[in-house]
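The structure under discussion appears below in the form of structure tokens.
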Amino acid sequence: MAMICGAAQQRRVQNKPYIDLRPMHFGISIGVNLQDIELQNVGPQIVEQIGERTVLVDADTWNPGFSVGVLADMRLHQHLALRIAPMMHFGSKHLVFRDLDDLNDAGHPRESTQDMKNTYISMPVDLKISAERFNNYRPYLLAGVNPMINLSGKDQDFLQLKRYDTMLEVGFGCDFYLPFFKLCPELKFCFSLADVLNKKHADELTDINKRVFTQSTDRAVSKMVVLTFFFE
């Protein structure tokens, strides 16, 4: 049994043995993302020229998108690095509005939808804590903050998000040392630190009938899951 365990842990020839000793190195990234948003409904509301209405809104699906970016990794310690990874995230959030005071022939609330397309420029700054390298792999954890700029949004949509957001992100991954480069698959979970709902948007709508949908929520918190592949 001891011989079998010893064979399983046998050292192999290391690819790219000095890459982690560089004070700084760079790379590129591609990946996929899932965007979500948590909305706080206000319940019954009084809308000018319409009266009392109750509309519930929810993000009913997780829509996949894609991400591309670059990477700069600065070595701080044998097991610690500061990493900046600017990225662009393309995706969308699908919202469903259910009007409890407007029923269809089957007695169910009528539904309206909004496909909220989002293009984010993000500038995450993370601390990467790595385990000891063994053979050609090295797992790690990371955490940091991610300032983001939302480049999209239609003026006459039901809901509109603020242009700027800051997310807290945590994640994990593993460095795989290949003969010609290092491949790092990574999974991150991102959460907004503030309310991202643009509350001034209702006053900008030219269609007063849309305001009952716009005012159905008074708080929005964005969430995102990102699976990224870094090539260093």
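Chain identifiers are assigned as A, B, and so on, following the order in which chains appear in the structure tokens; residues are numbered from 1 within each chain, and ligands are numbered from 1 in order of appearance.
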Any chance you could tabulate, as a tab-separated table, the residues of range 112-159 of chain A at most 12 Å from range 24-44 of chain A with each one's nearest atom pair and distance in Å to one decimal, using only C-alpha atoms, in chain and rising number order?
```
residue	atom	partner	partner_atom	distance
A:Asp115	CA	A:Asp36	CA	11.9
A:Met116	CA	A:Gln35	CA	10.3
A:Lys117	CA	A:Gln35	CA	10.0
A:Asn118	CA	A:Gln35	CA	9.0
A:Thr119	CA	A:Gln35	CA	10.9
A:Tyr120	CA	A:Gln35	CA	11.0
A:Leu159	CA	A:Leu39	CA	10.7
```
Since we have the selection now, will you write its residues out, keeping all heavy atoms, as a PDB file, in the first residue's frame?
```pdb
ATOM      1  N   ASP A 115     -36.162  42.183 -22.078  1.00  0.00           N
ATOM      2  CA  ASP A 115     -34.857  41.555 -22.256  1.00  0.00           C
ATOM      3  C   ASP A 115     -33.799  42.633 -22.066  1.00  0.00           C
ATOM      4  O   ASP A 115     -33.543  43.423 -22.965  1.00  0.00           O
ATOM      5  CB  ASP A 115     -34.758  40.932 -23.646  1.00  0.00           C
ATOM      6  CG  ASP A 115     -33.548  40.031 -23.796  1.00  0.00           C
ATOM      7  OD1 ASP A 115     -32.976  39.636 -22.760  1.00  0.00           O
ATOM      8  OD2 ASP A 115     -33.174  39.724 -24.936  1.00  0.00           O
ATOM      9  N   MET A 116     -33.232  42.682 -20.871  1.00  0.00           N
ATOM     10  CA  MET A 116     -32.283  43.732 -20.510  1.00  0.00           C
ATOM     11  C   MET A 116     -30.871  43.315 -20.932  1.00  0.00           C
ATOM     12  O   MET A 116     -30.176  42.595 -20.215  1.00  0.00           O
ATOM     13  CB  MET A 116     -32.341  43.979 -18.994  1.00  0.00           C
ATOM     14  CG  MET A 116     -31.454  45.097 -18.505  1.00  0.00           C
ATOM     15  SD  MET A 116     -31.513  45.282 -16.700  1.00  0.00           S
ATOM     16  CE  MET A 116     -33.160  45.969 -16.500  1.00  0.00           C
ATOM     17  N   LYS A 117     -30.470  43.770 -22.102  1.00  0.00           N
ATOM     18  CA  LYS A 117     -29.130  43.439 -22.599  1.00  0.00           C
ATOM     19  C   LYS A 117     -28.096  44.330 -21.908  1.00  0.00           C
ATOM     20  O   LYS A 117     -28.314  45.524 -21.749  1.00  0.00           O
ATOM     21  CB  LYS A 117     -29.060  43.617 -24.110  1.00  0.00           C
ATOM     22  CG  LYS A 117     -29.991  42.673 -24.864  1.00  0.00           C
ATOM     23  CD  LYS A 117     -29.794  42.785 -26.349  1.00  0.00           C
ATOM     24  CE  LYS A 117     -30.762  41.867 -27.092  1.00  0.00           C
ATOM     25  NZ  LYS A 117     -30.513  40.445 -26.777  1.00  0.00           N
ATOM     26  N   ASN A 118     -26.991  43.719 -21.500  1.00  0.00           N
ATOM     27  CA  ASN A 118     -25.947  44.445 -20.778  1.00  0.00           C
ATOM     28  C   ASN A 118     -24.588  44.171 -21.384  1.00  0.00           C
ATOM     29  O   ASN A 118     -24.239  43.035 -21.695  1.00  0.00           O
ATOM     30  CB  ASN A 118     -25.923  44.042 -19.304  1.00  0.00           C
ATOM     31  CG  ASN A 118     -27.216  44.355 -18.583  1.00  0.00           C
ATOM     32  OD1 ASN A 118     -27.884  43.475 -18.076  1.00  0.00           O
ATOM     33  ND2 ASN A 118     -27.597  45.622 -18.555  1.00  0.00           N
ATOM     34  N   THR A 119     -23.821  45.243 -21.554  1.00  0.00           N
ATOM     35  CA  THR A 119     -22.412  45.130 -21.921  1.00  0.00           C
ATOM     36  C   THR A 119     -21.616  45.865 -20.851  1.00  0.00           C
ATOM     37  O   THR A 119     -21.763  47.077 -20.682  1.00  0.00           O
ATOM     38  CB  THR A 119     -22.137  45.749 -23.295  1.00  0.00           C
ATOM     39  OG1 THR A 119     -22.919  45.069 -24.281  1.00  0.00           O
ATOM     40  CG2 THR A 119     -20.673  45.630 -23.652  1.00  0.00           C
ATOM     41  N   TYR A 120     -20.815  45.120 -20.104  1.00  0.00           N
ATOM     42  CA  TYR A 120     -20.051  45.694 -19.005  1.00  0.00           C
ATOM     43  C   TYR A 120     -18.564  45.750 -19.348  1.00  0.00           C
ATOM     44  O   TYR A 120     -18.011  44.810 -19.922  1.00  0.00           O
ATOM     45  CB  TYR A 120     -20.203  44.854 -17.736  1.00  0.00           C
ATOM     46  CG  TYR A 120     -21.558  44.911 -17.090  1.00  0.00           C
ATOM     47  CD1 TYR A 120     -22.439  43.841 -17.179  1.00  0.00           C
ATOM     48  CD2 TYR A 120     -21.960  46.033 -16.364  1.00  0.00           C
ATOM     49  CE1 TYR A 120     -23.685  43.888 -16.565  1.00  0.00           C
ATOM     50  CE2 TYR A 120     -23.201  46.083 -15.751  1.00  0.00           C
ATOM     51  CZ  TYR A 120     -24.055  45.009 -15.860  1.00  0.00           C
ATOM     52  OH  TYR A 120     -25.287  45.057 -15.261  1.00  0.00           O
ATOM     53  N   LEU A 159     -37.395  49.009 -16.941  1.00  0.00           N
ATOM     54  CA  LEU A 159     -36.387  49.246 -15.906  1.00  0.00           C
ATOM     55  C   LEU A 159     -35.067  49.613 -16.565  1.00  0.00           C
ATOM     56  O   LEU A 159     -34.736  49.143 -17.654  1.00  0.00           O
ATOM     57  CB  LEU A 159     -36.198  48.006 -15.029  1.00  0.00           C
ATOM     58  CG  LEU A 159     -37.384  47.546 -14.185  1.00  0.00           C
ATOM     59  CD1 LEU A 159     -36.978  46.383 -13.302  1.00  0.00           C
ATOM     60  CD2 LEU A 159     -37.959  48.674 -13.353  1.00  0.00           C
TER      61      LEU A 159
END
```
Contacts of Phe229 in chain A within 10 Å, only C-alpha atoms, excl. fewer than 2 positions in-chain, as a list in words
Ile28, Ser29, Ile30, Gly31, Val32, Ser67, Val68, Gly173, Leu183, Cys184, Pro185, Glu186, Leu187, Val226, Leu227, Phe231 and Glu232 of chain A
- Task: Excluding Glu169 in chain A and any residue of its chain fewer than 3 positions from it, enumerate the residues within 7 Å of it, using only C-alpha atoms, and give them as a ChimeraX atom specification.
- Result: /A:143-146,188-191
Keeping only N, CA, C and O atoms, take the residues you just selected and write them out as a short mmCIF file (atom, residue, chain, number, x, y, z; two decimals), in the first residue's frame.
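Just written: result.cif:
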```cif
data_model
loop_
_atom_site.label_atom_id
_atom_site.label_comp_id
_atom_site.auth_asym_id
_atom_site.auth_seq_id
_atom_site.Cartn_x
_atom_site.Cartn_y
_atom_site.Cartn_z
N ALA A 143 -10.02 36.77 -4.17
CA ALA A 143 -11.07 37.68 -3.71
C ALA A 143 -10.66 39.10 -4.04
O ALA A 143 -9.47 39.42 -4.08
N GLY A 144 -11.67 39.95 -4.31
CA GLY A 144 -11.35 41.33 -4.64
C GLY A 144 -12.59 42.14 -4.93
O GLY A 144 -13.71 41.72 -4.67
N VAL A 145 -12.37 43.32 -5.50
CA VAL A 145 -13.46 44.22 -5.88
C VAL A 145 -13.40 44.43 -7.39
O VAL A 145 -12.32 44.36 -8.00
N ASN A 146 -14.57 44.73 -7.96
CA ASN A 146 -14.67 44.82 -9.40
C ASN A 146 -15.51 46.03 -9.80
O ASN A 146 -16.74 45.93 -9.90
N LYS A 188 -15.78 32.43 -10.78
CA LYS A 188 -15.95 33.57 -9.87
C LYS A 188 -17.44 33.84 -9.65
O LYS A 188 -18.26 33.67 -10.55
N PHE A 189 -17.74 34.31 -8.42
CA PHE A 189 -19.09 34.73 -8.06
C PHE A 189 -19.02 36.22 -7.69
O PHE A 189 -18.24 36.61 -6.82
N CYS A 190 -19.85 37.03 -8.36
CA CYS A 190 -19.81 38.49 -8.20
C CYS A 190 -21.14 39.01 -7.69
O CYS A 190 -22.20 38.59 -8.18
N PHE A 191 -21.10 39.94 -6.71
CA PHE A 191 -22.29 40.48 -6.09
C PHE A 191 -22.16 42.00 -5.98
O PHE A 191 -21.14 42.51 -5.51
#
```
Taking only range 18-204 of chain A into account, list the residues labelled strand (DSSP E) by DSSP (computed from the backbone), as an MDAnalysis selection string. chainID A and resid 24:41 44:47 51:61 63:77 80:84 87:103 109:122 125:130 137:150 164:177 182:192
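By only C-alpha atoms, and with residues fewer than 2 positions from Leu178 in chain A along its chain excluded, the set lying at most 8 Å from it is Asn15, Lys16, Asn136, Phe176, Phe180, Phe181, Lys182 and Leu183 of chain A.
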Exercise. Tell me, which residues of range 43-229 of chain A carry DSSP helix (DSSP H, G or I), written as number ranges by chain?
Worked result: A: 201-204, 208-214
What would the file look like if the residues just selected were written as a compact mmCIF listing (two decimals), in the first residue's frame with N, CA, C and O atoms?
```txt
# COMPACT_ATOMS: atom_id res chain seq x y z
N HIS A 201 -35.61 56.96 -13.72
CA HIS A 201 -36.03 56.55 -15.05
C HIS A 201 -37.53 56.73 -15.28
O HIS A 201 -37.96 57.04 -16.40
N ALA A 202 -38.37 56.57 -14.23
CA ALA A 202 -39.82 56.70 -14.39
C ALA A 202 -40.20 58.08 -14.90
O ALA A 202 -41.12 58.22 -15.71
N ASP A 203 -39.51 59.11 -14.46
CA ASP A 203 -39.82 60.48 -14.89
C ASP A 203 -39.42 60.73 -16.34
O ASP A 203 -39.88 61.71 -16.95
N GLU A 204 -38.58 59.86 -16.89
CA GLU A 204 -38.10 60.05 -18.26
C GLU A 204 -39.00 59.37 -19.29
O GLU A 204 -38.84 59.60 -20.49
N ILE A 208 -47.00 57.00 -20.12
CA ILE A 208 -47.34 56.96 -18.70
C ILE A 208 -47.78 55.57 -18.26
O ILE A 208 -47.66 55.20 -17.09
N ASN A 209 -48.27 54.74 -19.19
CA ASN A 209 -48.71 53.39 -18.85
C ASN A 209 -47.54 52.49 -18.45
O ASN A 209 -47.73 51.46 -17.81
N LYS A 210 -46.33 52.86 -18.84
CA LYS A 210 -45.16 52.06 -18.48
C LYS A 210 -44.70 52.32 -17.05
O LYS A 210 -43.95 51.53 -16.48
N ARG A 211 -45.15 53.43 -16.47
CA ARG A 211 -44.65 53.79 -15.14
C ARG A 211 -45.06 52.79 -14.07
O ARG A 211 -44.34 52.60 -13.09
N VAL A 212 -46.22 52.15 -14.24
CA VAL A 212 -46.65 51.17 -13.26
C VAL A 212 -45.66 50.00 -13.20
O VAL A 212 -45.46 49.39 -12.14
N PHE A 213 -45.02 49.69 -14.33
CA PHE A 213 -44.01 48.63 -14.35
C PHE A 213 -42.68 49.14 -13.81
O PHE A 213 -41.99 48.46 -13.05
N THR A 214 -42.32 50.36 -14.19
CA THR A 214 -41.05 50.94 -13.74
C THR A 214 -41.02 51.11 -12.23
O THR A 214 -39.98 50.89 -11.58
```
**Prompt:** Skipping near chain neighbours, those fewer than 2 positions away, what residues fall within 7 Å of Met123 in chain A using only C-alpha atoms, listed as a list in words?
**Reply:** Ile84, Ala85, Pro86, Met87, Ile121, Val125, Asn146, Pro147 and Met148 of chain A
Using all heavy atoms, can you export the residues from the last selection as a short mmCIF file (atom, residue, chain, number, x, y, z; two decimals), in the first residue's frame?
```
data_model
loop_
_atom_site.label_atom_id
_atom_site.label_comp_id
_atom_site.auth_asym_id
_atom_site.auth_seq_id
_atom_site.Cartn_x
_atom_site.Cartn_y
_atom_site.Cartn_z
N ILE A 84 -4.80 42.13 -11.90
CA ILE A 84 -5.73 43.04 -12.55
C ILE A 84 -6.11 42.42 -13.89
O ILE A 84 -5.24 42.09 -14.69
CB ILE A 84 -5.11 44.43 -12.75
CG1 ILE A 84 -4.68 45.02 -11.40
CG2 ILE A 84 -6.08 45.36 -13.46
CD1 ILE A 84 -3.95 46.33 -11.52
N ALA A 85 -7.42 42.25 -14.10
CA ALA A 85 -7.88 41.53 -15.29
C ALA A 85 -9.04 42.27 -15.95
O ALA A 85 -10.21 41.90 -15.77
CB ALA A 85 -8.28 40.11 -14.92
N PRO A 86 -8.77 43.35 -16.71
CA PRO A 86 -9.85 44.06 -17.40
C PRO A 86 -10.59 43.13 -18.36
O PRO A 86 -9.97 42.37 -19.11
CB PRO A 86 -9.11 45.17 -18.16
CG PRO A 86 -7.78 45.29 -17.48
CD PRO A 86 -7.45 43.95 -16.96
N MET A 87 -11.92 43.21 -18.34
CA MET A 87 -12.73 42.33 -19.19
C MET A 87 -13.95 43.07 -19.71
O MET A 87 -14.39 44.06 -19.12
CB MET A 87 -13.18 41.08 -18.41
CG MET A 87 -12.09 40.20 -17.88
SD MET A 87 -12.70 38.63 -17.23
CE MET A 87 -13.08 37.76 -18.75
N ILE A 121 -17.94 46.86 -18.99
CA ILE A 121 -16.47 46.92 -18.91
C ILE A 121 -16.11 46.82 -17.44
O ILE A 121 -16.57 47.63 -16.62
CB ILE A 121 -15.94 48.23 -19.51
CG1 ILE A 121 -16.21 48.30 -21.01
CG2 ILE A 121 -14.44 48.34 -19.26
CD1 ILE A 121 -15.72 49.58 -21.65
N VAL A 125 -9.77 43.95 -9.39
CA VAL A 125 -8.48 43.92 -8.70
C VAL A 125 -8.59 42.86 -7.62
O VAL A 125 -9.36 43.00 -6.67
CB VAL A 125 -8.14 45.29 -8.10
CG1 VAL A 125 -6.79 45.23 -7.38
CG2 VAL A 125 -8.10 46.37 -9.17
N ASN A 146 -14.57 44.73 -7.96
CA ASN A 146 -14.67 44.82 -9.40
C ASN A 146 -15.51 46.03 -9.80
O ASN A 146 -16.74 45.93 -9.90
CB ASN A 146 -15.28 43.53 -9.95
CG ASN A 146 -15.26 43.48 -11.46
OD1 ASN A 146 -14.86 44.42 -12.12
ND2 ASN A 146 -15.70 42.36 -12.01
N PRO A 147 -14.91 47.21 -10.04
CA PRO A 147 -15.66 48.35 -10.59
C PRO A 147 -16.10 48.04 -12.02
O PRO A 147 -15.34 47.49 -12.81
CB PRO A 147 -14.65 49.50 -10.55
CG PRO A 147 -13.55 49.04 -9.65
CD PRO A 147 -13.51 47.56 -9.77
N MET A 148 -17.35 48.41 -12.35
CA MET A 148 -17.90 48.09 -13.66
C MET A 148 -18.63 49.29 -14.26
O MET A 148 -19.20 50.10 -13.53
CB MET A 148 -18.85 46.89 -13.57
CG MET A 148 -18.25 45.67 -12.92
SD MET A 148 -19.36 44.24 -12.89
CE MET A 148 -19.30 43.73 -14.61
#
```
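Nearest residue to Leu193 in chain A, choosing from A:Ser222, A:Asp207, A:Gln45, A:Pro179 and counting only C-alpha atoms: A:Ser222.
Residues lying within 12 Å of Arg133 in chain A, counting only C-alpha atoms and ignoring same-chain neighbours fewer than 6 positions away, are Arg11, Arg12, Gln14, Asn15, Lys16, Pro17, Tyr18, Ile19, Asp20, Gln78, His79, Pro139, Tyr140, Cys174, Asp175, Phe176 and Tyr177 of chain A.
Residues in contact range of Gln160 in chain A, defined as at most 8 Å between only C-alpha atoms, with sequence neighbours fewer than 4 positions away removed, read A:Gly153, A:Lys154, A:Asp155, A:Leu197, A:Asn198, A:His201.
Between CA of Ser216 in chain A and CA of Gln114 in chain A lies a distance of 13.6 Å.
Checking A:Leu161, A:Val225, A:Val170, A:Leu141 one by one against Ala194 in chain A, counting only C-alpha atoms, you find the shortest gap at A:Leu161.
In terms of minimum interatomic distance to Thr206 in chain A, A:Phe158 ranks closest within A:Lys223, A:Phe158, A:Phe97, A:Ser112, counting only C-alpha atoms.
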